>>> print(open('entry05.pdb').read())   # PDB, C-alpha atoms and all ligand atoms
ATOM      1  CA  MET A   1      98.268  76.656  81.019
ATOM      2  CA  ASP A   2      99.002  80.053  79.429
ATOM      3  CA  LEU A   3      95.655  81.855  79.609
ATOM      4  CA  ARG A   4      95.324  85.152  77.717
ATOM      5  CA  LEU A   5      94.306  87.296  80.636
ATOM      6  CA  THR A   6      93.691  90.392  78.510
ATOM      7  CA  ASP A   7      91.130  88.526  76.401
ATOM      8  CA  ILE A   8      87.609  89.642  77.339
ATOM      9  CA  GLY A   9      86.209  86.182  76.498
ATOM     10  CA  VAL A  10      88.732  84.479  78.802
ATOM     11  CA  ILE A  11      87.967  86.911  81.652
ATOM     12  CA  ARG A  12      84.182  86.478  81.252
ATOM     13  CA  GLU A  13      84.509  82.691  81.221
ATOM     14  CA  LEU A  14      86.670  82.736  84.381
ATOM     15  CA  PHE A  15      84.188  85.030  86.137
ATOM     16  CA  GLU A  16      81.202  82.909  85.197
ATOM     17  CA  ARG A  17      82.802  79.659  86.249
ATOM     18  CA  HIS A  18      83.924  81.099  89.609
ATOM     19  CA  GLY A  19      80.799  83.196  90.204
ATOM     20  CA  PHE A  20      82.816  86.419  90.379
ATOM     21  CA  SER A  21      81.603  89.905  89.484
ATOM     22  CA  PHE A  22      83.435  93.259  89.376
ATOM     23  CA  SER A  23      83.312  95.455  92.459
ATOM     24  CA  LYS A  24      83.166  99.116  91.516
ATOM     25  CA  SER A  25      83.862 100.200  95.096
ATOM     26  CA  LEU A  26      87.194  98.285  95.069
ATOM     27  CA  GLY A  27      88.291 100.097  91.901
ATOM     28  CA  GLN A  28      88.210  96.910  89.847
ATOM     29  CA  ASN A  29      88.983  98.060  86.302
ATOM     30  CA  PHE A  30      91.055  95.268  84.817
ATOM     31  CA  LEU A  31      93.582  95.779  82.032
ATOM     32  CA  ILE A  32      92.627  94.278  78.672
ATOM     33  CA  ASN A  33      95.224  96.030  76.490
ATOM     34  CA  PRO A  34      97.893  93.340  75.977
ATOM     35  CA  SER A  35     100.767  95.783  75.460
ATOM     36  CA  VAL A  36     100.442  97.587  78.812
ATOM     37  CA  CYS A  37     101.437  95.009  81.474
ATOM     38  CA  PRO A  38     104.684  93.840  79.824
ATOM     39  CA  LYS A  39     105.638  97.532  79.540
ATOM     40  CA  ILE A  40     104.872  98.266  83.217
ATOM     41  CA  ALA A  41     106.882  95.221  84.333
ATOM     42  CA  GLN A  42     109.847  96.141  82.149
ATOM     43  CA  MET A  43     109.875  99.912  82.678
ATOM     44  CA  GLY A  44     109.266  99.291  86.389
ATOM     45  CA  GLY A  45     112.666  97.650  86.609
ATOM     46  CA  GLY A  46     111.651  93.980  86.648
ATOM     47  CA  ASN A  47     114.574  91.616  86.103
ATOM     48  CA  GLU A  48     115.932  88.345  87.464
ATOM     49  CA  ASN A  49     117.853  90.106  90.266
ATOM     50  CA  VAL A  50     114.925  91.929  91.843
ATOM     51  CA  CYS A  51     111.724  91.010  93.665
ATOM     52  CA  ALA A  52     108.415  92.777  93.043
ATOM     53  CA  LEU A  53     105.609  93.857  95.318
ATOM     54  CA  GLU A  54     102.303  94.239  93.507
ATOM     55  CA  ILE A  55      99.179  95.876  94.918
ATOM     56  CA  GLY A  56      95.866  94.597  93.558
ATOM     57  CA  THR A  57      96.213  91.562  91.316
ATOM     58  CA  GLY A  58      92.816  91.460  89.638
ATOM     59  CA  VAL A  59      92.971  88.229  87.617
ATOM     60  CA  GLY A  60      96.791  88.329  87.694
ATOM     61  CA  VAL A  61      97.483  89.982  84.358
ATOM     62  CA  LEU A  62     100.370  92.143  85.634
ATOM     63  CA  THR A  63     101.382  89.605  88.295
ATOM     64  CA  LYS A  64     102.101  87.138  85.513
ATOM     65  CA  GLU A  65     104.359  89.569  83.601
ATOM     66  CA  LEU A  66     106.231  90.377  86.818
ATOM     67  CA  ALA A  67     106.613  86.670  87.599
ATOM     68  CA  LYS A  68     108.200  86.113  84.166
ATOM     69  CA  LEU A  69     110.805  88.832  84.752
ATOM     70  CA  CYS A  70     111.459  88.935  88.508
ATOM     71  CA  LYS A  71     113.012  86.590  91.036
ATOM     72  CA  ARG A  72     109.889  86.591  93.208
ATOM     73  CA  VAL A  73     106.548  88.414  93.336
ATOM     74  CA  VAL A  74     104.465  89.101  96.414
ATOM     75  CA  ALA A  75     101.068  90.652  95.741
ATOM     76  CA  VAL A  76      98.610  92.161  98.208
ATOM     77  CA  GLU A  77      94.977  91.840  97.082
ATOM     78  CA  ILE A  78      91.954  92.798  99.175
ATOM     79  CA  ASP A  79      89.343  90.675  97.405
ATOM     80  CA  LYS A  80      89.368  87.069  98.618
ATOM     81  CA  GLY A  81      86.766  86.299  95.938
ATOM     82  CA  LEU A  82      89.650  86.346  93.423
ATOM     83  CA  GLU A  83      91.477  83.507  95.212
ATOM     84  CA  PRO A  84      90.177  80.566  93.108
ATOM     85  CA  ILE A  85      90.678  82.537  89.889
ATOM     86  CA  LEU A  86      94.277  83.404  90.810
ATOM     87  CA  ALA A  87      94.953  79.789  91.785
ATOM     88  CA  GLU A  88      94.070  78.942  88.208
ATOM     89  CA  THR A  89      95.728  81.860  86.376
ATOM     90  CA  LEU A  90      98.976  81.918  88.367
ATOM     91  CA  GLY A  91      99.136  78.276  89.429
ATOM     92  CA  ASP A  92     102.067  77.562  87.106
ATOM     93  CA  PHE A  93     104.282  80.241  88.654
ATOM     94  CA  GLY A  94     106.231  78.948  91.630
ATOM     95  CA  ASN A  95     107.647  82.402  92.388
ATOM     96  CA  VAL A  96     104.328  84.151  93.188
ATOM     97  CA  GLU A  97     102.667  84.566  96.562
ATOM     98  CA  ILE A  98      99.374  86.371  97.130
ATOM     99  CA  ILE A  99      98.527  87.914 100.494
ATOM    100  CA  PHE A 100      94.818  88.664 100.877
ATOM    101  CA  ALA A 101      94.725  91.908 102.835
ATOM    102  CA  ASP A 102      93.947  95.606 102.626
ATOM    103  CA  VAL A 103      97.244  97.214 101.643
ATOM    104  CA  LEU A 104      96.452 100.296 103.730
ATOM    105  CA  LYS A 105      96.124  98.171 106.878
ATOM    106  CA  ALA A 106      98.852  95.645 106.071
ATOM    107  CA  ASP A 107     102.086  95.601 108.066
ATOM    108  CA  LEU A 108     104.381  96.203 105.103
ATOM    109  CA  HIS A 109     107.549  96.198 107.221
ATOM    110  CA  ARG A 110     106.716  92.678 108.338
ATOM    111  CA  ILE A 111     105.963  91.588 104.776
ATOM    112  CA  PHE A 112     109.322  92.989 103.656
ATOM    113  CA  GLU A 113     111.183  91.252 106.500
ATOM    114  CA  GLU A 114     109.466  87.923 105.929
ATOM    115  CA  LYS A 115     109.380  87.856 102.141
ATOM    116  CA  PHE A 116     112.117  90.135 100.839
ATOM    117  CA  ALA A 117     114.949  90.189 103.417
ATOM    118  CA  GLY A 118     118.176  91.309 101.716
ATOM    119  CA  GLU A 119     116.552  91.618  98.269
ATOM    120  CA  GLU A 120     116.164  94.617  95.994
ATOM    121  CA  VAL A 121     112.439  95.340  95.674
ATOM    122  CA  VAL A 122     110.439  97.275  93.088
ATOM    123  CA  VAL A 123     106.741  98.065  93.433
ATOM    124  CA  CYS A 124     104.583  97.686  90.328
ATOM    125  CA  ALA A 125     100.815  98.058  90.251
ATOM    126  CA  ASN A 126      97.720  99.187  88.482
ATOM    127  CA  LEU A 127      96.423 100.974  91.562
ATOM    128  CA  PRO A 128      92.780 101.131  92.588
ATOM    129  CA  TYR A 129      92.135 104.834  91.980
ATOM    130  CA  TYR A 130      90.153 105.443  95.171
ATOM    131  CA  ILE A 131      93.322 105.006  97.254
ATOM    132  CA  THR A 132      96.080 106.250  94.911
ATOM    133  CA  SER A 133      97.530 108.955  97.172
ATOM    134  CA  PRO A 134      97.319 107.071 100.500
ATOM    135  CA  VAL A 135      99.007 104.002  98.990
ATOM    136  CA  ILE A 136     101.826 106.020  97.428
ATOM    137  CA  MET A 137     102.363 108.019 100.618
ATOM    138  CA  LYS A 138     102.287 104.870 102.774
ATOM    139  CA  LEU A 139     104.970 103.260 100.593
ATOM    140  CA  LEU A 140     107.135 106.395 100.780
ATOM    141  CA  GLU A 141     106.567 107.500 104.382
ATOM    142  CA  GLU A 142     107.220 104.073 105.863
ATOM    143  CA  ARG A 143     110.695 104.199 104.317
ATOM    144  CA  LEU A 144     110.479 100.649 103.086
ATOM    145  CA  PRO A 145     113.559  99.383 101.260
ATOM    146  CA  ILE A 146     112.070  99.976  97.798
ATOM    147  CA  SER A 147     114.136 101.187  94.845
ATOM    148  CA  SER A 148     111.240 102.325  92.656
ATOM    149  CA  ILE A 149     107.453 102.518  92.515
ATOM    150  CA  THR A 150     105.863 102.158  89.073
ATOM    151  CA  VAL A 151     102.111 102.551  89.145
ATOM    152  CA  MET A 152      99.164 103.236  86.903
ATOM    153  CA  VAL A 153      97.046 106.079  88.211
ATOM    154  CA  GLN A 154      94.378 108.402  86.852
ATOM    155  CA  LYS A 155      95.933 110.776  84.282
ATOM    156  CA  GLU A 156      95.142 113.898  86.319
ATOM    157  CA  ALA A 157      96.636 112.308  89.457
ATOM    158  CA  ALA A 158      99.781 111.454  87.459
ATOM    159  CA  GLU A 159     100.102 115.090  86.392
ATOM    160  CA  ARG A 160      99.639 116.325  89.974
ATOM    161  CA  ILE A 161     102.059 113.811  91.473
ATOM    162  CA  CYS A 162     104.779 114.468  88.891
ATOM    163  CA  ALA A 163     104.322 118.256  88.617
ATOM    164  CA  ALA A 164     107.532 120.162  89.214
ATOM    165  CA  PRO A 165     107.495 122.993  91.780
ATOM    166  CA  ALA A 166     105.817 126.112  90.384
ATOM    167  CA  GLU A 167     103.974 124.188  87.635
ATOM    168  CA  ARG A 168     100.214 124.743  87.444
ATOM    169  CA  GLU A 169      99.233 121.249  88.690
ATOM    170  CA  CYS A 170     101.688 121.214  91.569
ATOM    171  CA  GLY A 171     100.316 120.852  95.098
ATOM    172  CA  ALA A 172     101.244 119.551  98.543
ATOM    173  CA  LEU A 173     101.293 115.971  97.208
ATOM    174  CA  SER A 174     103.800 116.889  94.452
ATOM    175  CA  TYR A 175     106.231 118.334  97.007
ATOM    176  CA  ALA A 176     105.728 115.397  99.392
ATOM    177  CA  VAL A 177     106.389 112.834  96.645
ATOM    178  CA  ARG A 178     109.425 114.817  95.458
ATOM    179  CA  TYR A 179     110.780 114.839  99.006
ATOM    180  CA  TYR A 180     111.111 111.056  98.949
ATOM    181  CA  SER A 181     111.601 110.338  95.252
ATOM    182  CA  GLU A 182     112.265 111.502  91.684
ATOM    183  CA  PRO A 183     108.904 111.217  89.886
ATOM    184  CA  ARG A 184     108.187 111.032  86.154
ATOM    185  CA  ILE A 185     105.373 110.061  83.812
ATOM    186  CA  LEU A 186     106.296 107.019  81.708
ATOM    187  CA  PHE A 187     103.340 106.706  79.318
ATOM    188  CA  ARG A 188      99.621 107.318  78.998
ATOM    189  CA  VAL A 189      96.919 104.662  78.750
ATOM    190  CA  ASN A 190      93.453 105.403  77.389
ATOM    191  CA  ARG A 191      90.219 104.371  79.131
ATOM    192  CA  GLY A 192      89.439 101.763  76.484
ATOM    193  CA  SER A 193      92.334  99.648  77.789
ATOM    194  CA  PHE A 194      90.257  98.568  80.799
ATOM    195  CA  MET A 195      87.254  96.385  81.526
ATOM    196  CA  PRO A 196      84.946  97.852  82.621
ATOM    197  CA  SER A 197      86.084 101.089  81.016
ATOM    198  CA  PRO A 198      86.398 103.949  83.557
ATOM    199  CA  ASN A 199      85.340 107.558  82.826
ATOM    200  CA  VAL A 200      88.929 108.787  82.871
ATOM    201  CA  ASP A 201      92.228 108.146  81.111
ATOM    202  CA  SER A 202      95.274 106.864  82.972
ATOM    203  CA  ALA A 203      99.038 107.177  83.029
ATOM    204  CA  VAL A 204     101.876 105.077  84.365
ATOM    205  CA  ILE A 205     104.300 106.941  86.601
ATOM    206  CA  ARG A 206     107.609 105.898  88.067
ATOM    207  CA  LEU A 207     109.026 107.198  91.338
ATOM    208  CA  ASP A 208     112.711 106.484  91.908
ATOM    209  CA  VAL A 209     113.045 106.406  95.676
ATOM    210  CA  LYS A 210     115.883 108.446  97.202
ATOM    211  CA  ARG A 211     118.256 106.457  99.365
ATOM    212  CA  GLU A 212     118.981 109.306 101.767
ATOM    213  CA  SER A 213     116.587 111.738 103.431
ATOM    214  CA  PRO A 214     117.277 115.285 102.280
ATOM    215  CA  LEU A 215     116.661 116.647 105.818
ATOM    216  CA  ARG A 216     117.178 115.763 109.483
ATOM    217  CA  GLN A 217     114.120 114.445 111.316
ATOM    218  CA  ASP A 218     113.197 117.735 113.043
ATOM    219  CA  GLU A 219     113.711 119.628 109.765
ATOM    220  CA  GLU A 220     111.603 117.050 107.947
ATOM    221  CA  GLN A 221     108.730 117.594 110.384
ATOM    222  CA  ALA A 222     109.006 121.335 109.792
ATOM    223  CA  PHE A 223     109.067 120.763 105.991
ATOM    224  CA  PHE A 224     105.765 118.843 106.005
ATOM    225  CA  ARG A 225     104.184 121.278 108.459
ATOM    226  CA  VAL A 226     105.043 124.263 106.275
ATOM    227  CA  ILE A 227     103.882 122.541 103.054
ATOM    228  CA  ARG A 228     100.577 121.534 104.643
ATOM    229  CA  ALA A 229      99.976 125.004 106.009
ATOM    230  CA  GLY A 230     101.038 126.741 102.769
ATOM    231  CA  PHE A 231      98.831 124.646 100.494
ATOM    232  CA  SER A 232      95.836 124.845 102.804
ATOM    233  CA  ARG A 233      95.646 128.452 101.535
ATOM    234  CA  ARG A 234      97.695 128.332  98.342
ATOM    235  CA  ARG A 235      96.410 131.656  96.925
ATOM    236  CA  LYS A 236      97.575 133.554 100.019
ATOM    237  CA  GLN A 237     101.080 134.806 100.583
ATOM    238  CA  LEU A 238     102.942 132.144 102.556
ATOM    239  CA  VAL A 239     103.657 134.580 105.366
ATOM    240  CA  ASN A 240      99.985 134.350 106.508
ATOM    241  CA  PRO A 241      99.534 130.556 106.866
ATOM    242  CA  LEU A 242     103.097 130.347 108.187
ATOM    243  CA  SER A 243     102.414 132.750 111.044
ATOM    244  CA  ASP A 244      99.133 130.950 111.871
ATOM    245  CA  GLU A 245     100.673 127.474 111.777
ATOM    246  CA  LEU A 246     103.723 128.380 113.863
ATOM    247  CA  LYS A 247     101.734 130.703 116.155
ATOM    248  CA  ILE A 248     104.141 133.571 115.556
ATOM    249  CA  THR A 249     103.560 137.154 114.394
ATOM    250  CA  LYS A 250     103.561 138.058 110.697
ATOM    251  CA  GLN A 251     106.736 140.046 111.311
ATOM    252  CA  GLN A 252     108.452 136.915 112.723
ATOM    253  CA  ALA A 253     107.149 134.813 109.813
ATOM    254  CA  ALA A 254     108.502 137.396 107.361
ATOM    255  CA  GLU A 255     111.889 137.224 109.113
ATOM    256  CA  LEU A 256     111.914 133.427 108.797
ATOM    257  CA  LEU A 257     111.250 133.769 105.065
ATOM    258  CA  GLU A 258     113.952 136.385 104.705
ATOM    259  CA  LYS A 259     116.442 134.211 106.609
ATOM    260  CA  SER A 260     115.623 131.425 104.110
ATOM    261  CA  LYS A 261     116.118 133.785 101.137
ATOM    262  CA  ILE A 262     112.433 133.700 100.152
ATOM    263  CA  LYS A 263     110.650 136.896  99.149
ATOM    264  CA  PRO A 264     107.931 137.854 101.675
ATOM    265  CA  SER A 265     105.207 137.969  98.983
ATOM    266  CA  ALA A 266     105.845 134.337  97.850
ATOM    267  CA  ARG A 267     102.951 131.864  97.661
ATOM    268  CA  ALA A 268     103.220 128.160  98.568
ATOM    269  CA  GLU A 269     103.196 127.007  94.939
ATOM    270  CA  GLU A 270     106.055 129.316  93.871
ATOM    271  CA  LEU A 271     108.805 127.826  96.022
ATOM    272  CA  THR A 272     111.459 125.416  94.824
ATOM    273  CA  MET A 273     112.297 122.295  96.855
ATOM    274  CA  GLU A 274     115.549 123.970  97.963
ATOM    275  CA  GLN A 275     113.638 127.011  99.246
ATOM    276  CA  TYR A 276     111.329 124.720 101.270
ATOM    277  CA  PHE A 277     114.381 122.906 102.624
ATOM    278  CA  ALA A 278     115.929 126.238 103.653
ATOM    279  CA  LEU A 279     112.670 127.317 105.302
ATOM    280  CA  ALA A 280     112.342 123.967 107.119
ATOM    281  CA  ARG A 281     115.905 124.368 108.449
ATOM    282  CA  SER A 282     115.139 127.898 109.644
ATOM    283  CA  VAL A 283     111.894 126.781 111.356
ATOM    284  CA  ALA A 284     113.623 123.819 113.022
ATOM    285  CA  SER A 285     116.497 126.001 114.250
ATOM    286  CA  GLU A 286     114.051 128.402 115.963
ATOM    287  CA  LYS A 287     112.904 125.754 118.442
TER     288      LYS A 287
HETATM  289  N1  LIG A 301      96.303  94.438  88.398
HETATM  290  C1  LIG A 301      94.989  94.199  87.835
HETATM  291  C2  LIG A 301      94.901  94.722  86.427
HETATM  292  O1  LIG A 301      95.755  95.537  86.050
HETATM  293  O2  LIG A 301      93.984  94.334  85.709
HETATM  294  C3  LIG A 301      93.896  94.820  88.715
HETATM  295  C4  LIG A 301      93.914  96.305  88.851
HETATM  296  S1  LIG A 301      92.455  97.002  89.539
HETATM  297  C5  LIG A 301      92.583  98.667  88.969
HETATM  298  C6  LIG A 301      92.824  97.231  91.265
HETATM  299  C7  LIG A 301      92.936  95.968  92.109
HETATM  300  O3  LIG A 301      93.235  96.359  93.459
HETATM  301  C8  LIG A 301      91.677  95.119  92.190
HETATM  302  O4  LIG A 301      92.023  93.772  92.023
HETATM  303  C9  LIG A 301      91.138  95.371  93.621
HETATM  304  O5  LIG A 301      90.412  94.284  94.147
HETATM  305  C10 LIG A 301      92.427  95.630  94.377
HETATM  306  N2  LIG A 301      92.258  96.458  95.586
HETATM  307  C11 LIG A 301      91.340  97.430  95.814
HETATM  308  N3  LIG A 301      91.517  97.975  97.026
HETATM  309  C12 LIG A 301      92.582  97.354  97.584
HETATM  310  C13 LIG A 301      93.230  97.460  98.854
HETATM  311  N4  LIG A 301      92.832  98.364  99.770
HETATM  312  N5  LIG A 301      94.273  96.641  99.120
HETATM  313  C14 LIG A 301      94.694  95.727  98.193
HETATM  314  N6  LIG A 301      94.107  95.577  96.985
HETATM  315  C15 LIG A 301      93.067  96.382  96.681
END
>>> encode(input="entry05.pdb", output="structure tokens", more="lines below")
Ligand code: SAM
Amino acid sequence: MDLRLTDIGVIRELFERHGFSFSKSLGQNFLINPSVCPKIAQMGGGNENVCALEIGTGVGVLTKELAKLCKRVVAVEIDKGLEPILAETLGDFGNVEIIFADVLKADLHRIFEEKFAGEEVVVCANLPYYITSPVIMKLLEERLPISSITVMVQKEAAERICAAPAERECGALSYAVRYYSEPRILFRVNRGSFMPSPNVDSAVIRLDVKRESPLRQDEEQAFFRVIRAGFSRRRKQLVNPLSDELKITKQQAAELLEKSKIKPSARAEELTMEQYFALARSVASEK
């Protein structure tokens, strides 16, 4: 049965029949704009040669579009109350499996081994906004074999995540995401596209995951340490948080910056990725 899952009447009827109601605390704003999910599935790289991991199915509106395009879809959904609804909305798709779990606690490596061994995997999701950054960082930091992550997030979060170094919105998260991937904003989605409608607009972003780490492990640790320290006091010259974090004198911190070809007056938000890489190498080589 091909239910129109973006139709408000269809959603209301499903909810009533299954005694389901929206949970605000789980970020349940479901998509009702019919053009958005096919676009996410397509621009997220869905095709018959790849598998998809989805986070947060809702009533299965995006899951269904992914199932039409991809070889297999595995979705992680926290709300077991959606189980009977999903059995009905996705029952016709033999290539979909739903795991009821909290994605932040789930053993994603195990899921990948059990469900996706040897397959190319893309992640597509309309993320619950209360856990946008932790979910993205978990997917990237765990170095799962993912080729891209295409997710809907709050518009302001999209701008922060995709900001290039030295842009106004750029912060520690922008550098961290850029360490692991090439981020870009695909398209914007207004608040009226959701039920219930949130107080903010959204945007879909795509992160193309890098195959190789740009740095060695010890340099990588230094990179994240320096970024964290620098952005904890972003208005200060980097030399100050750097000397505090590394427990060295300001003179030594200035020498590290000089060795990395960074001017001593630079602030955290002014550095390019390459300058942070150079600084991370210098810090790691001091040990
Ligand atoms: N994909 C659907 C859509 O576009 O209409 C639902 C998107 S809704 C913004 C977010 C979904 O994520 C909800 O179904 C919610 O129950 C689920 N969710 C919230 N927290 C979660 C968590 N920690 N782990 C897995 N799913 C979660």
>>> resolve_selection(input="entry05.pdb", expression="the PyMOL selection byres (((chain A and resi 52) around 10) and not hetatm)", output="mmCIF file with C-alpha atoms, in the coordinates of the input")
data_model
loop_
_atom_site.group_PDB
_atom_site.id
_atom_site.type_symbol
_atom_site.label_atom_id
_atom_site.label_comp_id
_atom_site.auth_asym_id
_atom_site.auth_seq_id
_atom_site.Cartn_x
_atom_site.Cartn_y
_atom_site.Cartn_z
ATOM 1 C CA ALA A 41 106.882 95.221 84.333
ATOM 2 C CA GLY A 44 109.266 99.291 86.389
ATOM 3 C CA GLY A 45 112.666 97.650 86.609
ATOM 4 C CA GLY A 46 111.651 93.980 86.648
ATOM 5 C CA ASN A 47 114.574 91.616 86.103
ATOM 6 C CA VAL A 50 114.925 91.929 91.843
ATOM 7 C CA CYS A 51 111.724 91.010 93.665
ATOM 8 C CA LEU A 53 105.609 93.857 95.318
ATOM 9 C CA GLU A 54 102.303 94.239 93.507
ATOM 10 C CA ILE A 55 99.179 95.876 94.918
ATOM 11 C CA THR A 63 101.382 89.605 88.295
ATOM 12 C CA LEU A 66 106.231 90.377 86.818
ATOM 13 C CA ALA A 67 106.613 86.670 87.599
ATOM 14 C CA LEU A 69 110.805 88.832 84.752
ATOM 15 C CA CYS A 70 111.459 88.935 88.508
ATOM 16 C CA LYS A 71 113.012 86.590 91.036
ATOM 17 C CA ARG A 72 109.889 86.591 93.208
ATOM 18 C CA VAL A 73 106.548 88.414 93.336
ATOM 19 C CA VAL A 74 104.465 89.101 96.414
ATOM 20 C CA ALA A 75 101.068 90.652 95.741
ATOM 21 C CA VAL A 96 104.328 84.151 93.188
ATOM 22 C CA PHE A 116 112.117 90.135 100.839
ATOM 23 C CA GLU A 119 116.552 91.618 98.269
ATOM 24 C CA GLU A 120 116.164 94.617 95.994
ATOM 25 C CA VAL A 121 112.439 95.340 95.674
ATOM 26 C CA VAL A 122 110.439 97.275 93.088
ATOM 27 C CA VAL A 123 106.741 98.065 93.433
ATOM 28 C CA CYS A 124 104.583 97.686 90.328
ATOM 29 C CA ALA A 125 100.815 98.058 90.251
ATOM 30 C CA ILE A 146 112.070 99.976 97.798
ATOM 31 C CA SER A 148 111.240 102.325 92.656
ATOM 32 C CA ILE A 149 107.453 102.518 92.515
#
>>> residues_around(input="entry05.pdb", residues="Pro214 in chain A", least_positions_apart="4", cutoff="9 Å", atoms="all atoms listed in the file", output="VMD selection string")
chain A and resid 179 to 180 210 220 277
>>> closest_residue(input="entry05.pdb", among="A:Lys261, A:Lys24, A:Arg188, A:Arg216", to="ligand LIG 301 (chain A)", atoms="only C-alpha atoms and all ligand atoms")
A:Lys24
>>> closest_residue(input="entry05.pdb", among="A:Lys155, A:Arg184, A:Arg143, A:Lys250", to="Pro198 in chain A", atoms="all atoms listed in the file")
A:Lys155
>>> residues_around(input="entry05.pdb", residues="Met137 in chain A", least_positions_apart="4", cutoff="8 Å", atoms="only C-alpha atoms", output="NGL selection string")
:A and (133 or 141 or 177)
>>> closest_residue(input="entry05.pdb", among="A:Phe93, A:Phe194, A:Phe187, A:Phe224", to="Gly58 in chain A", atoms="all atoms listed in the file")
A:Phe194
>>> closest_residue(input="entry05.pdb", among="A:Ile8, A:Leu207, A:Leu186, A:Ala254", to="ligand LIG 301 (chain A)", atoms="only C-alpha atoms and all ligand atoms")
A:Ile8
>>> closest_residue(input="entry05.pdb", among="A:Ser243, A:Asn190, A:Gln42, A:Asn126", to="ligand LIG 301 (chain A)", atoms="all atoms listed in the file")
A:Asn126
>>> atom_distance(input="entry05.pdb", atom1="CA of Glu270 in chain A", atom2="CA of Ile227 in chain A")
11.6 Å
>>> residues_around(input="entry05.pdb", residues="Tyr129 in chain A", least_positions_apart="2", cutoff="9 Å", atoms="only C-alpha atoms", output="list of chain:residue names")
A:Leu26, A:Gly27, A:Asn126, A:Leu127, A:Ile131, A:Thr132, A:Ser133, A:Met152, A:Val153, A:Gln154
>>> closest_residue(input="entry05.pdb", among="A:Gly91, A:Leu215, A:Pro128, A:Leu139", to="Asp107 in chain A", atoms="all atoms listed in the file")
A:Leu139
>>> atom_distance(input="entry05.pdb", atom1="CA of Leu5 in chain A", atom2="CA of Ala158 in chain A")
25.7 Å
>>> axis_aligned_box(input="entry05.pdb", around="ligand LIG 301 (chain A)", padding_each_side="5 Å", output="AutoDock Vina command-line options")
--center_x 93.4 --center_y 96.2 --center_z 92.7 --size_x 15.9 --size_y 14.9 --size_z 24.1
>>> resolve_selection(input="entry05.pdb", expression="the PyMOL selection byres (((chain A and resi 22) around 12) and not hetatm)", output="list of chain:residue names")
A:Ile11, A:Arg12, A:Phe15, A:Glu16, A:Gly19, A:Phe20, A:Ser21, A:Ser23, A:Lys24, A:Ser25, A:Leu26, A:Gly27, A:Gln28, A:Asn29, A:Phe30, A:Gly58, A:Val59, A:Asp79, A:Gly81, A:Leu82, A:Met195, A:Pro196, A:Ser197
>>> atom_distance(input="entry05.pdb", atom1="CA of Val36 in chain A", atom2="atom N5 of ligand LIG 301 (chain A)")
21.2 Å
>>> residues_around(input="entry05.pdb", residues="Gly230 in chain A", least_positions_apart="2", cutoff="9 Å", atoms="all atoms listed in the file", output="compact mmCIF listing (two decimals) with C-alpha atoms, in the coordinates of the input")
# COMPACT_ATOMS: atom_id res chain seq x y z
CA ALA A 172 101.24 119.55 98.54
CA ARG A 225 104.18 121.28 108.46
CA VAL A 226 105.04 124.26 106.28
CA ILE A 227 103.88 122.54 103.05
CA ARG A 228 100.58 121.53 104.64
CA SER A 232 95.84 124.84 102.80
CA ARG A 233 95.65 128.45 101.54
CA ARG A 234 97.70 128.33 98.34
CA ARG A 235 96.41 131.66 96.92
CA LYS A 236 97.58 133.55 100.02
CA GLN A 237 101.08 134.81 100.58
CA LEU A 238 102.94 132.14 102.56
CA VAL A 239 103.66 134.58 105.37
CA ASN A 240 99.98 134.35 106.51
CA PRO A 241 99.53 130.56 106.87
CA LEU A 242 103.10 130.35 108.19
CA ARG A 267 102.95 131.86 97.66
CA ALA A 268 103.22 128.16 98.57
CA GLU A 269 103.20 127.01 94.94
>>> resolve_selection(input="entry05.pdb", expression="the PyMOL selection byres (((chain A and resi 166) around 9) and not hetatm)", output="mmCIF file with C-alpha atoms, in the coordinates of the input")
data_model
loop_
_atom_site.group_PDB
_atom_site.id
_atom_site.type_symbol
_atom_site.label_atom_id
_atom_site.label_comp_id
_atom_site.auth_asym_id
_atom_site.auth_seq_id
_atom_site.Cartn_x
_atom_site.Cartn_y
_atom_site.Cartn_z
ATOM 1 C CA ALA A 163 104.322 118.256 88.617
ATOM 2 C CA ALA A 164 107.532 120.162 89.214
ATOM 3 C CA PRO A 165 107.495 122.993 91.780
ATOM 4 C CA GLU A 167 103.974 124.188 87.635
ATOM 5 C CA ARG A 168 100.214 124.743 87.444
ATOM 6 C CA GLU A 169 99.233 121.249 88.690
ATOM 7 C CA CYS A 170 101.688 121.214 91.569
ATOM 8 C CA GLY A 171 100.316 120.852 95.098
ATOM 9 C CA ALA A 268 103.220 128.160 98.568
ATOM 10 C CA GLU A 269 103.196 127.007 94.939
ATOM 11 C CA GLU A 270 106.055 129.316 93.871
ATOM 12 C CA LEU A 271 108.805 127.826 96.022
ATOM 13 C CA THR A 272 111.459 125.416 94.824
#
>>> decode(input="entry05.pdb", residues="range 227-231 of chain A", atoms="N, CA and C atoms", output="mmCIF file, in the first residue's frame")
data_model
loop_
_atom_site.group_PDB
_atom_site.id
_atom_site.type_symbol
_atom_site.label_atom_id
_atom_site.label_comp_id
_atom_site.auth_asym_id
_atom_site.auth_seq_id
_atom_site.Cartn_x
_atom_site.Cartn_y
_atom_site.Cartn_z
ATOM 1 N N ILE A 227 42.754 23.217 18.744
ATOM 2 C CA ILE A 227 41.479 23.807 18.308
ATOM 3 C C ILE A 227 40.595 24.077 19.535
ATOM 4 N N ARG A 228 40.499 23.053 20.396
ATOM 5 C CA ARG A 228 39.655 23.209 21.592
ATOM 6 C C ARG A 228 40.136 24.380 22.443
ATOM 7 N N ALA A 229 41.431 24.415 22.668
ATOM 8 C CA ALA A 229 41.991 25.481 23.504
ATOM 9 C C ALA A 229 41.770 26.839 22.831
ATOM 10 N N GLY A 230 42.069 26.936 21.550
ATOM 11 C CA GLY A 230 41.961 28.201 20.813
ATOM 12 C C GLY A 230 40.543 28.750 20.831
ATOM 13 N N PHE A 231 39.560 27.889 20.587
ATOM 14 C CA PHE A 231 38.177 28.365 20.505
ATOM 15 C C PHE A 231 37.520 28.525 21.872
#
